[in-house]
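**Student:** So here's entry.pdb (PDB, C-alpha atoms, pLDDT in the B column).
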```pdb
MODEL        1
ATOM      1  CA  MET A   1      97.526  41.661  78.154  1.00 60.00           C
ATOM      2  CA  LYS A   2      94.832  44.096  79.305  1.00 59.00           C
ATOM      3  CA  ASN A   3      97.429  46.891  79.519  1.00 64.00           C
ATOM      4  CA  PHE A   4      98.561  46.219  75.960  1.00 61.00           C
ATOM      5  CA  VAL A   5      94.981  46.398  74.647  1.00 59.00           C
ATOM      6  CA  PHE A   6      94.391  49.611  76.609  1.00 57.00           C
ATOM      7  CA  TYR A   7      97.574  51.236  75.255  1.00 62.00           C
ATOM      8  CA  PHE A   8      96.794  50.105  71.720  1.00 61.00           C
ATOM      9  CA  ILE A   9      93.297  51.604  71.883  1.00 63.00           C
ATOM     10  CA  ALA A  10      94.730  54.811  73.367  1.00 59.00           C
ATOM     11  CA  LEU A  11      97.305  55.006  70.550  1.00 60.00           C
ATOM     12  CA  VAL A  12      94.643  54.512  67.869  1.00 54.00           C
ATOM     13  CA  PHE A  13      92.455  57.165  69.524  1.00 53.00           C
ATOM     14  CA  PHE A  14      95.425  59.575  69.637  1.00 56.00           C
ATOM     15  CA  ILE A  15      96.194  59.048  65.965  1.00 60.00           C
ATOM     16  CA  TYR A  16      92.586  59.641  64.890  1.00 51.00           C
ATOM     17  CA  THR A  17      92.027  62.692  67.079  1.00 52.00           C
ATOM     18  CA  VAL A  18      95.364  64.506  66.945  1.00 49.00           C
ATOM     19  CA  TYR A  19      97.488  63.330  64.049  1.00 49.00           C
ATOM     20  CA  LEU A  20      95.010  62.848  61.175  1.00 47.00           C
ATOM     21  CA  PRO A  21      92.954  66.079  61.524  1.00 45.00           C
ATOM     22  CA  SER A  22      96.151  68.114  61.213  1.00 48.00           C
ATOM     23  CA  THR A  23      96.558  66.991  57.601  1.00 46.00           C
ATOM     24  CA  TYR A  24      95.180  69.487  55.113  1.00 47.00           C
ATOM     25  CA  LEU A  25      94.960  68.494  51.458  1.00 44.00           C
ATOM     26  CA  ILE A  26      94.416  70.955  48.637  1.00 44.00           C
ATOM     27  CA  TYR A  27      93.220  69.385  45.430  1.00 38.00           C
ATOM     28  CA  PHE A  28      95.603  69.529  42.517  1.00 41.00           C
ATOM     29  CA  GLU A  29      94.579  69.096  38.915  1.00 39.00           C
ATOM     30  CA  TYR A  30      93.882  65.529  37.829  1.00 39.00           C
ATOM     31  CA  ALA A  31      96.479  63.911  35.634  1.00 40.00           C
ATOM     32  CA  ASP A  32      96.050  63.232  31.943  1.00 41.00           C
ATOM     33  CA  GLU A  33      95.995  59.604  30.847  1.00 40.00           C
ATOM     34  CA  GLU A  34      98.520  60.243  28.069  1.00 41.00           C
ATOM     35  CA  ASP A  35     101.444  60.946  30.396  1.00 40.00           C
ATOM     36  CA  VAL A  36     104.599  58.980  29.751  1.00 39.00           C
ATOM     37  CA  ALA A  37     104.957  55.758  31.711  1.00 39.00           C
ATOM     38  CA  GLY A  38     107.442  56.001  34.553  1.00 56.00           C
ATOM     39  CA  ASP A  39     106.669  59.627  35.335  1.00 84.00           C
ATOM     40  CA  VAL A  40     105.262  60.735  38.644  1.00 86.00           C
ATOM     41  CA  VAL A  41     101.909  62.404  37.984  1.00 87.00           C
ATOM     42  CA  PRO A  42     100.612  64.478  40.929  1.00 89.00           C
ATOM     43  CA  VAL A  43      96.953  64.072  41.810  1.00 89.00           C
ATOM     44  CA  ARG A  44      96.703  66.061  45.076  1.00 90.00           C
ATOM     45  CA  VAL A  45      99.182  67.980  47.152  1.00 91.00           C
ATOM     46  CA  GLY A  46      98.814  69.440  50.619  1.00 91.00           C
ATOM     47  CA  VAL A  47     100.487  70.094  53.946  1.00 90.00           C
ATOM     48  CA  ARG A  48     100.481  68.399  57.312  1.00 90.00           C
ATOM     49  CA  VAL A  49     100.673  70.845  60.184  1.00 88.00           C
ATOM     50  CA  SER A  50     102.076  68.717  62.969  1.00 84.00           C
ATOM     51  CA  PRO A  51     104.825  67.656  62.370  1.00 88.00           C
ATOM     52  CA  PRO A  52     105.230  69.926  59.328  1.00 90.00           C
ATOM     53  CA  ALA A  53     105.339  67.968  56.086  1.00 92.00           C
ATOM     54  CA  LEU A  54     104.264  68.172  52.477  1.00 92.00           C
ATOM     55  CA  THR A  55     101.907  65.391  51.415  1.00 92.00           C
ATOM     56  CA  LEU A  56     101.606  64.235  47.821  1.00 92.00           C
ATOM     57  CA  VAL A  57      99.138  61.803  46.290  1.00 92.00           C
ATOM     58  CA  TYR A  58     100.434  60.666  42.915  1.00 91.00           C
ATOM     59  CA  ARG A  59     100.276  58.021  40.209  1.00 88.00           C
ATOM     60  CA  LYS A  60     103.300  56.308  38.730  1.00 82.00           C
ATOM     61  CA  ASP A  61     104.115  54.095  35.742  1.00 70.00           C
ATOM     62  CA  GLY A  62     100.776  54.736  34.016  1.00 71.00           C
ATOM     63  CA  VAL A  63      98.931  52.693  36.655  1.00 78.00           C
ATOM     64  CA  ASN A  64      95.748  54.123  38.154  1.00 80.00           C
ATOM     65  CA  LYS A  65      96.890  53.101  41.618  1.00 88.00           C
ATOM     66  CA  GLU A  66      97.365  56.196  43.762  1.00 89.00           C
ATOM     67  CA  ARG A  67     100.357  56.392  46.074  1.00 90.00           C
ATOM     68  CA  TYR A  68     100.958  58.640  49.056  1.00 90.00           C
ATOM     69  CA  ARG A  69     104.257  60.325  49.935  1.00 92.00           C
ATOM     70  CA  VAL A  70     105.077  62.452  52.970  1.00 93.00           C
ATOM     71  CA  MET A  71     108.027  64.840  52.661  1.00 93.00           C
ATOM     72  CA  PRO A  72     109.194  66.430  55.940  1.00 92.00           C
ATOM     73  CA  ILE A  73     109.756  70.182  55.882  1.00 90.00           C
ATOM     74  CA  ARG A  74     112.962  71.379  57.474  1.00 84.00           C
ATOM     75  CA  CYS A  75     114.084  74.865  58.460  1.00 83.00           C
ATOM     76  CA  LEU A  76     110.806  76.698  57.932  1.00 86.00           C
ATOM     77  CA  ASN A  77     111.057  80.078  59.617  1.00 84.00           C
ATOM     78  CA  LYS A  78     107.649  81.352  60.635  1.00 82.00           C
ATOM     79  CA  PHE A  79     108.517  84.979  59.826  1.00 85.00           C
ATOM     80  CA  GLY A  80     110.909  84.745  56.864  1.00 83.00           C
ATOM     81  CA  ALA A  81     110.591  84.091  53.162  1.00 85.00           C
ATOM     82  CA  VAL A  82     109.631  80.612  52.006  1.00 86.00           C
ATOM     83  CA  ASP A  83     111.764  80.571  48.859  1.00 86.00           C
ATOM     84  CA  ALA A  84     114.669  78.693  50.472  1.00 88.00           C
ATOM     85  CA  THR A  85     112.352  76.044  51.916  1.00 89.00           C
ATOM     86  CA  VAL A  86     110.650  75.513  48.556  1.00 90.00           C
ATOM     87  CA  LYS A  87     114.016  75.208  46.767  1.00 91.00           C
ATOM     88  CA  ASP A  88     115.195  72.712  49.415  1.00 90.00           C
ATOM     89  CA  LEU A  89     112.049  70.609  48.938  1.00 91.00           C
ATOM     90  CA  GLN A  90     112.405  70.686  45.162  1.00 91.00           C
ATOM     91  CA  GLN A  91     116.041  69.592  45.371  1.00 92.00           C
ATOM     92  CA  ARG A  92     115.420  66.766  47.833  1.00 91.00           C
ATOM     93  CA  HIS A  93     112.324  65.432  46.048  1.00 92.00           C
ATOM     94  CA  THR A  94     113.001  66.301  42.408  1.00 90.00           C
ATOM     95  CA  ASP A  95     111.291  63.227  40.952  1.00 88.00           C
ATOM     96  CA  TYR A  96     108.069  63.842  42.869  1.00 91.00           C
ATOM     97  CA  LEU A  97     107.765  67.636  42.702  1.00 91.00           C
ATOM     98  CA  ALA A  98     108.860  68.242  39.102  1.00 89.00           C
ATOM     99  CA  LYS A  99     105.274  68.704  37.869  1.00 88.00           C
ATOM    100  CA  VAL A 100     103.978  70.619  40.894  1.00 89.00           C
ATOM    101  CA  PRO A 101     103.975  74.388  40.209  1.00 88.00           C
ATOM    102  CA  GLU A 102     106.341  76.408  42.387  1.00 88.00           C
ATOM    103  CA  VAL A 103     103.551  78.855  43.245  1.00 88.00           C
ATOM    104  CA  ARG A 104     101.502  76.001  44.698  1.00 90.00           C
ATOM    105  CA  LEU A 105     104.408  74.949  46.914  1.00 92.00           C
ATOM    106  CA  GLU A 106     104.953  78.547  48.058  1.00 90.00           C
ATOM    107  CA  LYS A 107     101.284  78.878  48.988  1.00 91.00           C
ATOM    108  CA  LEU A 108     101.417  75.682  51.022  1.00 92.00           C
ATOM    109  CA  MET A 109     104.577  76.811  52.839  1.00 92.00           C
ATOM    110  CA  ARG A 110     102.942  80.157  53.597  1.00 91.00           C
ATOM    111  CA  MET A 111      99.961  78.283  55.043  1.00 92.00           C
ATOM    112  CA  LEU A 112     102.330  76.388  57.325  1.00 92.00           C
ATOM    113  CA  GLN A 113     103.928  79.659  58.406  1.00 91.00           C
ATOM    114  CA  GLU A 114     100.545  81.111  59.296  1.00 92.00           C
ATOM    115  CA  THR A 115      99.611  78.031  61.342  1.00 92.00           C
ATOM    116  CA  GLN A 116     102.948  78.267  63.181  1.00 90.00           C
ATOM    117  CA  ARG A 117     102.019  81.848  64.089  1.00 91.00           C
ATOM    118  CA  GLY A 118      98.905  80.533  65.829  1.00 91.00           C
ATOM    119  CA  ARG A 119      96.186  80.760  63.192  1.00 91.00           C
ATOM    120  CA  THR A 120      93.811  77.945  62.354  1.00 90.00           C
ATOM    121  CA  ILE A 121      94.157  76.196  59.013  1.00 87.00           C
ATOM    122  CA  ASN A 122      91.037  77.940  57.650  1.00 90.00           C
ATOM    123  CA  GLU A 123      92.288  81.388  58.688  1.00 91.00           C
ATOM    124  CA  ALA A 124      95.691  80.595  57.160  1.00 90.00           C
ATOM    125  CA  ALA A 125      94.096  79.478  53.880  1.00 89.00           C
ATOM    126  CA  LYS A 126      92.078  82.686  53.702  1.00 91.00           C
ATOM    127  CA  THR A 127      95.092  84.912  54.452  1.00 90.00           C
ATOM    128  CA  VAL A 128      97.370  83.186  51.959  1.00 88.00           C
ATOM    129  CA  GLY A 129      94.624  83.163  49.342  1.00 87.00           C
ATOM    130  CA  GLN A 130      94.464  86.953  49.567  1.00 86.00           C
ATOM    131  CA  GLU A 131      98.237  87.211  49.095  1.00 84.00           C
ATOM    132  CA  TYR A 132      98.245  85.133  45.923  1.00 83.00           C
ATOM    133  CA  ILE A 133      95.289  86.673  44.124  1.00 85.00           C
ATOM    134  CA  VAL A 134      95.714  89.218  41.347  1.00 85.00           C
ATOM    135  CA  ASP A 135      93.194  92.038  41.439  1.00 86.00           C
ATOM    136  CA  PRO A 136      92.931  93.736  38.035  1.00 86.00           C
ATOM    137  CA  LEU A 137      92.215  97.066  39.714  1.00 89.00           C
ATOM    138  CA  GLN A 138      95.253  96.912  41.988  1.00 86.00           C
ATOM    139  CA  ASP A 139      98.172  99.194  41.155  1.00 89.00           C
ATOM    140  CA  LEU A 140     101.150  96.835  40.937  1.00 88.00           C
ATOM    141  CA  ASN A 141     103.573  99.782  40.840  1.00 91.00           C
ATOM    142  CA  LYS A 142     102.939 100.379  44.550  1.00 91.00           C
ATOM    143  CA  LEU A 143     104.010  96.860  45.616  1.00 88.00           C
ATOM    144  CA  ASP A 144     107.432  95.971  46.946  1.00 89.00           C
ATOM    145  CA  ASP A 145     109.665  93.515  45.077  1.00 89.00           C
ATOM    146  CA  GLN A 146     108.592  90.424  47.047  1.00 84.00           C
ATOM    147  CA  GLN A 147     104.872  91.032  46.610  1.00 85.00           C
ATOM    148  CA  LEU A 148     105.349  91.882  42.945  1.00 88.00           C
ATOM    149  CA  ALA A 149     107.270  88.621  42.393  1.00 87.00           C
ATOM    150  CA  LYS A 150     104.330  86.675  43.933  1.00 86.00           C
ATOM    151  CA  LYS A 151     101.822  88.402  41.670  1.00 87.00           C
ATOM    152  CA  LYS A 152     104.003  87.780  38.597  1.00 89.00           C
ATOM    153  CA  LYS A 153     104.273  84.059  39.420  1.00 87.00           C
ATOM    154  CA  VAL A 154     100.494  83.827  39.721  1.00 86.00           C
ATOM    155  CA  MET A 155     100.023  85.648  36.405  1.00 88.00           C
ATOM    156  CA  ASP A 156     102.608  83.414  34.685  1.00 87.00           C
ATOM    157  CA  GLY A 157     100.835  80.296  35.934  1.00 83.00           C
ATOM    158  CA  SER A 158      97.483  81.612  34.733  1.00 84.00           C
ATOM    159  CA  PHE A 159      98.980  82.448  31.340  1.00 88.00           C
ATOM    160  CA  GLU A 160     100.460  78.956  30.936  1.00 84.00           C
ATOM    161  CA  ARG A 161      97.144  77.299  31.850  1.00 83.00           C
ATOM    162  CA  ASN A 162      95.181  79.383  29.331  1.00 85.00           C
ATOM    163  CA  ARG A 163      97.775  79.398  26.555  1.00 86.00           C
ATOM    164  CA  VAL A 164      96.696  77.819  23.277  1.00 85.00           C
ATOM    165  CA  ARG A 165      99.560  76.207  21.353  1.00 87.00           C
ATOM    166  CA  PRO A 166      99.700  74.867  17.804  1.00 88.00           C
ATOM    167  CA  GLY A 167      98.265  71.370  17.919  1.00 86.00           C
ATOM    168  CA  ASP A 168      95.686  72.191  20.623  1.00 86.00           C
ATOM    169  CA  PRO A 169      92.050  71.638  19.583  1.00 87.00           C
ATOM    170  CA  ASP A 170      91.159  75.326  20.138  1.00 84.00           C
ATOM    171  CA  TYR A 171      94.143  76.634  18.178  1.00 86.00           C
ATOM    172  CA  GLU A 172      93.304  78.818  15.176  1.00 84.00           C
ATOM    173  CA  TYR A 173      96.027  80.181  12.911  1.00 85.00           C
ATOM    174  CA  ASP A 174      95.779  83.874  11.984  1.00 84.00           C
ATOM    175  CA  LYS A 175      92.669  84.571  14.054  1.00 83.00           C
ATOM    176  CA  GLN A 176      91.135  87.925  13.161  1.00 88.00           C
ATOM    177  CA  VAL A 177      88.611  89.706  15.329  1.00 86.00           C
ATOM    178  CA  GLU A 178      86.799  92.920  14.459  1.00 88.00           C
ATOM    179  CA  PHE A 179      86.127  95.374  17.225  1.00 83.00           C
ATOM    180  CA  LYS A 180      83.373  97.958  17.226  1.00 82.00           C
ATOM    181  CA  ALA A 181      84.713 101.469  16.870  1.00 77.00           C
ATOM    182  CA  GLY A 182      83.795 103.428  19.937  1.00 70.00           C
ATOM    183  CA  GLY A 183      83.771 107.162  20.241  1.00 66.00           C
ATOM    184  CA  GLN A 184      87.154 108.546  21.154  1.00 67.00           C
ATOM    185  CA  ALA A 185      87.268 110.428  24.394  1.00 65.00           C
ATOM    186  CA  GLY A 186      88.963 113.785  24.158  1.00 63.00           C
ATOM    187  CA  SER A 187      92.057 114.259  26.234  1.00 63.00           C
ATOM    188  CA  GLY A 188      91.342 117.896  26.907  1.00 62.00           C
ATOM    189  CA  TRP A 189      94.813 119.270  26.398  1.00 66.00           C
ATOM    190  CA  ASP A 190      95.096 118.844  22.640  1.00 62.00           C
ATOM    191  CA  SER A 191      91.512 119.148  21.455  1.00 61.00           C
ATOM    192  CA  PRO A 192      90.955 121.119  18.233  1.00 60.00           C
ATOM    193  CA  ASP A 193      88.376 123.313  19.991  1.00 58.00           C
ATOM    194  CA  ASP A 194      91.166 124.895  21.991  1.00 55.00           C
ATOM    195  CA  ASP A 195      92.322 127.483  19.446  1.00 58.00           C
ATOM    196  CA  ASP A 196      93.203 130.090  22.096  1.00 61.00           C
ATOM    197  CA  PHE A 197      96.765 128.852  22.149  1.00 58.00           C
ATOM    198  CA  TRP A 198      97.511 129.916  18.574  1.00 60.00           C
ATOM    199  CA  LYS A 199      95.871 133.333  18.832  1.00 58.00           C
TER
ENDMDL
END
```
Please, can you express the file's structure as structure tokens?
**Tutor:**
Amino acid sequence: MKNFVFYFIALVFFIYTVYLPSTYLIYFEYADEEDVAGDVVPVRVGVRVSPPALTLVYRKDGVNKERYRVMPIRCLNKFGAVDATVKDLQQRHTDYLAKVPEVRLEKLMRMLQETQRGRTINEAAKTVGQEYIVDPLQDLNKLDDQQLAKKKKVMDGSFERNRVRPGDPDYEYDKQVEFKAGGQAGSGWDSPDDDDFWK
């Protein structure tokens, strides 16, 4: 009996020191109360590093009770693209991941890749955060197709979040805004002061 108690305490200690700290949750937007009953409404989504899995905290059937689902991640290559893994997850768990943006899933898979390469979870979050940020001063023409696709997904998500549709409280039909007329900067090559060309 003493051995059983010792092994049980050792197992509990192992779970609290090794297994639980490897779970990293990123907060997702809170659900609206007016969602249709029966739908899965995501509350938080994150990744577990060891063994690799996607974790989802959600509400279902209009009840405020939060549920927890762990979805194992298969075939994640630590140096390849994450698109195939994200598509696989979305196909296997369609009911649960339908309302989670694809960009969010890609970011989480990239974080797992970085941790598999030997980085800590904080270093991975910082690195992936830099990949999925859109700098207005950055020249997007110099990016390759993969990086450009990431930036476009981020911009599309931002557009959808900020979009005002008819029926929204902030929607205004035929909004007109007057802008102050600023002085026009001369281009230099076609200015009227340059009459030497016609002489």
**Student:** At what distance in Å, to one decimal, does CA of Tyr96 (chain A) lie from CA of Val63 (chain A)?
**Tutor:**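 Separation between CA of Val63 (chain A) and CA of Tyr96 (chain A): 15.7 Å.
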**Student:** Please compute the CA of Leu140 (chain A)-CA of Ser158 (chain A) distance, one decimal, in Å.
**Tutor:**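 Interatomic distance here is 16.8 Å.
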**Student:** Quick one: which residues end up in the PyMOL selection byres ((chain A and resi 151) around 9) for this structure, as a ChimeraX atom specification?
**Tutor:** /A:131-134,140,146-150,152-156
**Student:** Name the residues captured by the PyMOL selection byres ((chain A and resi 100) around 12) when it is applied to the shown file; answer as a PyMOL selection string.
**Tutor:** chain A and resi 27-31+40-46+54-58+86+89-90+93-99+101-108+157
**Student:** Output C-alpha atoms for every residue in that selection, as a PDB file, keeping the file's coordinate frame.
**Tutor:**
```
ATOM      1  CA  TYR A  27      93.220  69.385  45.430  1.00 38.00           C
ATOM      2  CA  PHE A  28      95.603  69.529  42.517  1.00 41.00           C
ATOM      3  CA  GLU A  29      94.579  69.096  38.915  1.00 39.00           C
ATOM      4  CA  TYR A  30      93.882  65.529  37.829  1.00 39.00           C
ATOM      5  CA  ALA A  31      96.479  63.911  35.634  1.00 40.00           C
ATOM      6  CA  VAL A  40     105.262  60.735  38.644  1.00 86.00           C
ATOM      7  CA  VAL A  41     101.909  62.404  37.984  1.00 87.00           C
ATOM      8  CA  PRO A  42     100.612  64.478  40.929  1.00 89.00           C
ATOM      9  CA  VAL A  43      96.953  64.072  41.810  1.00 89.00           C
ATOM     10  CA  ARG A  44      96.703  66.061  45.076  1.00 90.00           C
ATOM     11  CA  VAL A  45      99.182  67.980  47.152  1.00 91.00           C
ATOM     12  CA  GLY A  46      98.814  69.440  50.619  1.00 91.00           C
ATOM     13  CA  LEU A  54     104.264  68.172  52.477  1.00 92.00           C
ATOM     14  CA  THR A  55     101.907  65.391  51.415  1.00 92.00           C
ATOM     15  CA  LEU A  56     101.606  64.235  47.821  1.00 92.00           C
ATOM     16  CA  VAL A  57      99.138  61.803  46.290  1.00 92.00           C
ATOM     17  CA  TYR A  58     100.434  60.666  42.915  1.00 91.00           C
ATOM     18  CA  VAL A  86     110.650  75.513  48.556  1.00 90.00           C
ATOM     19  CA  LEU A  89     112.049  70.609  48.938  1.00 91.00           C
ATOM     20  CA  GLN A  90     112.405  70.686  45.162  1.00 91.00           C
ATOM     21  CA  HIS A  93     112.324  65.432  46.048  1.00 92.00           C
ATOM     22  CA  THR A  94     113.001  66.301  42.408  1.00 90.00           C
ATOM     23  CA  ASP A  95     111.291  63.227  40.952  1.00 88.00           C
ATOM     24  CA  TYR A  96     108.069  63.842  42.869  1.00 91.00           C
ATOM     25  CA  LEU A  97     107.765  67.636  42.702  1.00 91.00           C
ATOM     26  CA  ALA A  98     108.860  68.242  39.102  1.00 89.00           C
ATOM     27  CA  LYS A  99     105.274  68.704  37.869  1.00 88.00           C
ATOM     28  CA  PRO A 101     103.975  74.388  40.209  1.00 88.00           C
ATOM     29  CA  GLU A 102     106.341  76.408  42.387  1.00 88.00           C
ATOM     30  CA  VAL A 103     103.551  78.855  43.245  1.00 88.00           C
ATOM     31  CA  ARG A 104     101.502  76.001  44.698  1.00 90.00           C
ATOM     32  CA  LEU A 105     104.408  74.949  46.914  1.00 92.00           C
ATOM     33  CA  GLU A 106     104.953  78.547  48.058  1.00 90.00           C
ATOM     34  CA  LYS A 107     101.284  78.878  48.988  1.00 91.00           C
ATOM     35  CA  LEU A 108     101.417  75.682  51.022  1.00 92.00           C
ATOM     36  CA  GLY A 157     100.835  80.296  35.934  1.00 83.00           C
TER      37      GLY A 157
END
```
**Student:** Restricting the calculation to all atoms listed in the file: of A:Asn77, A:Asp135, A:Gln91, A:Asp39, which residue gets closest to Asp61 (chain A)?
**Tutor:**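 Among A:Asn77, A:Asp135, A:Gln91, A:Asp39, it is A:Asp39 that comes nearest to Asp61 (chain A).
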**Student:** Quick one, how far is CA of Val49 (chain A) from CA of Gln113 (chain A)?
**Tutor:** 9.6 Å
**Student:** Convert the output of the PyMOL selection byres ((chain A and resi 125) around 12) on the shown file into explicit residues, formatted as a list in words.
**Tutor:**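 Given this file, the PyMOL selection byres ((chain A and resi 125) around 12) evaluates to Tyr24, Leu25, Ile26, Gly46, Val47, Lys107, Leu108, Met109, Arg110, Met111, Leu112, Gln113, Glu114, Thr115, Arg119, Thr120, Ile121, Asn122, Glu123, Ala124, Lys126, Thr127, Val128, Gly129, Gln130, Glu131 and Tyr132 of chain A.
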**Student:** For a quick check of understanding, using all atoms listed in the file, which of A:Leu143, A:Leu76, A:Met71, A:Val177 has the smallest distance to Arg117 (chain A)?
**Tutor:**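 Selected residue with least distance to Arg117 (chain A): A:Leu76.
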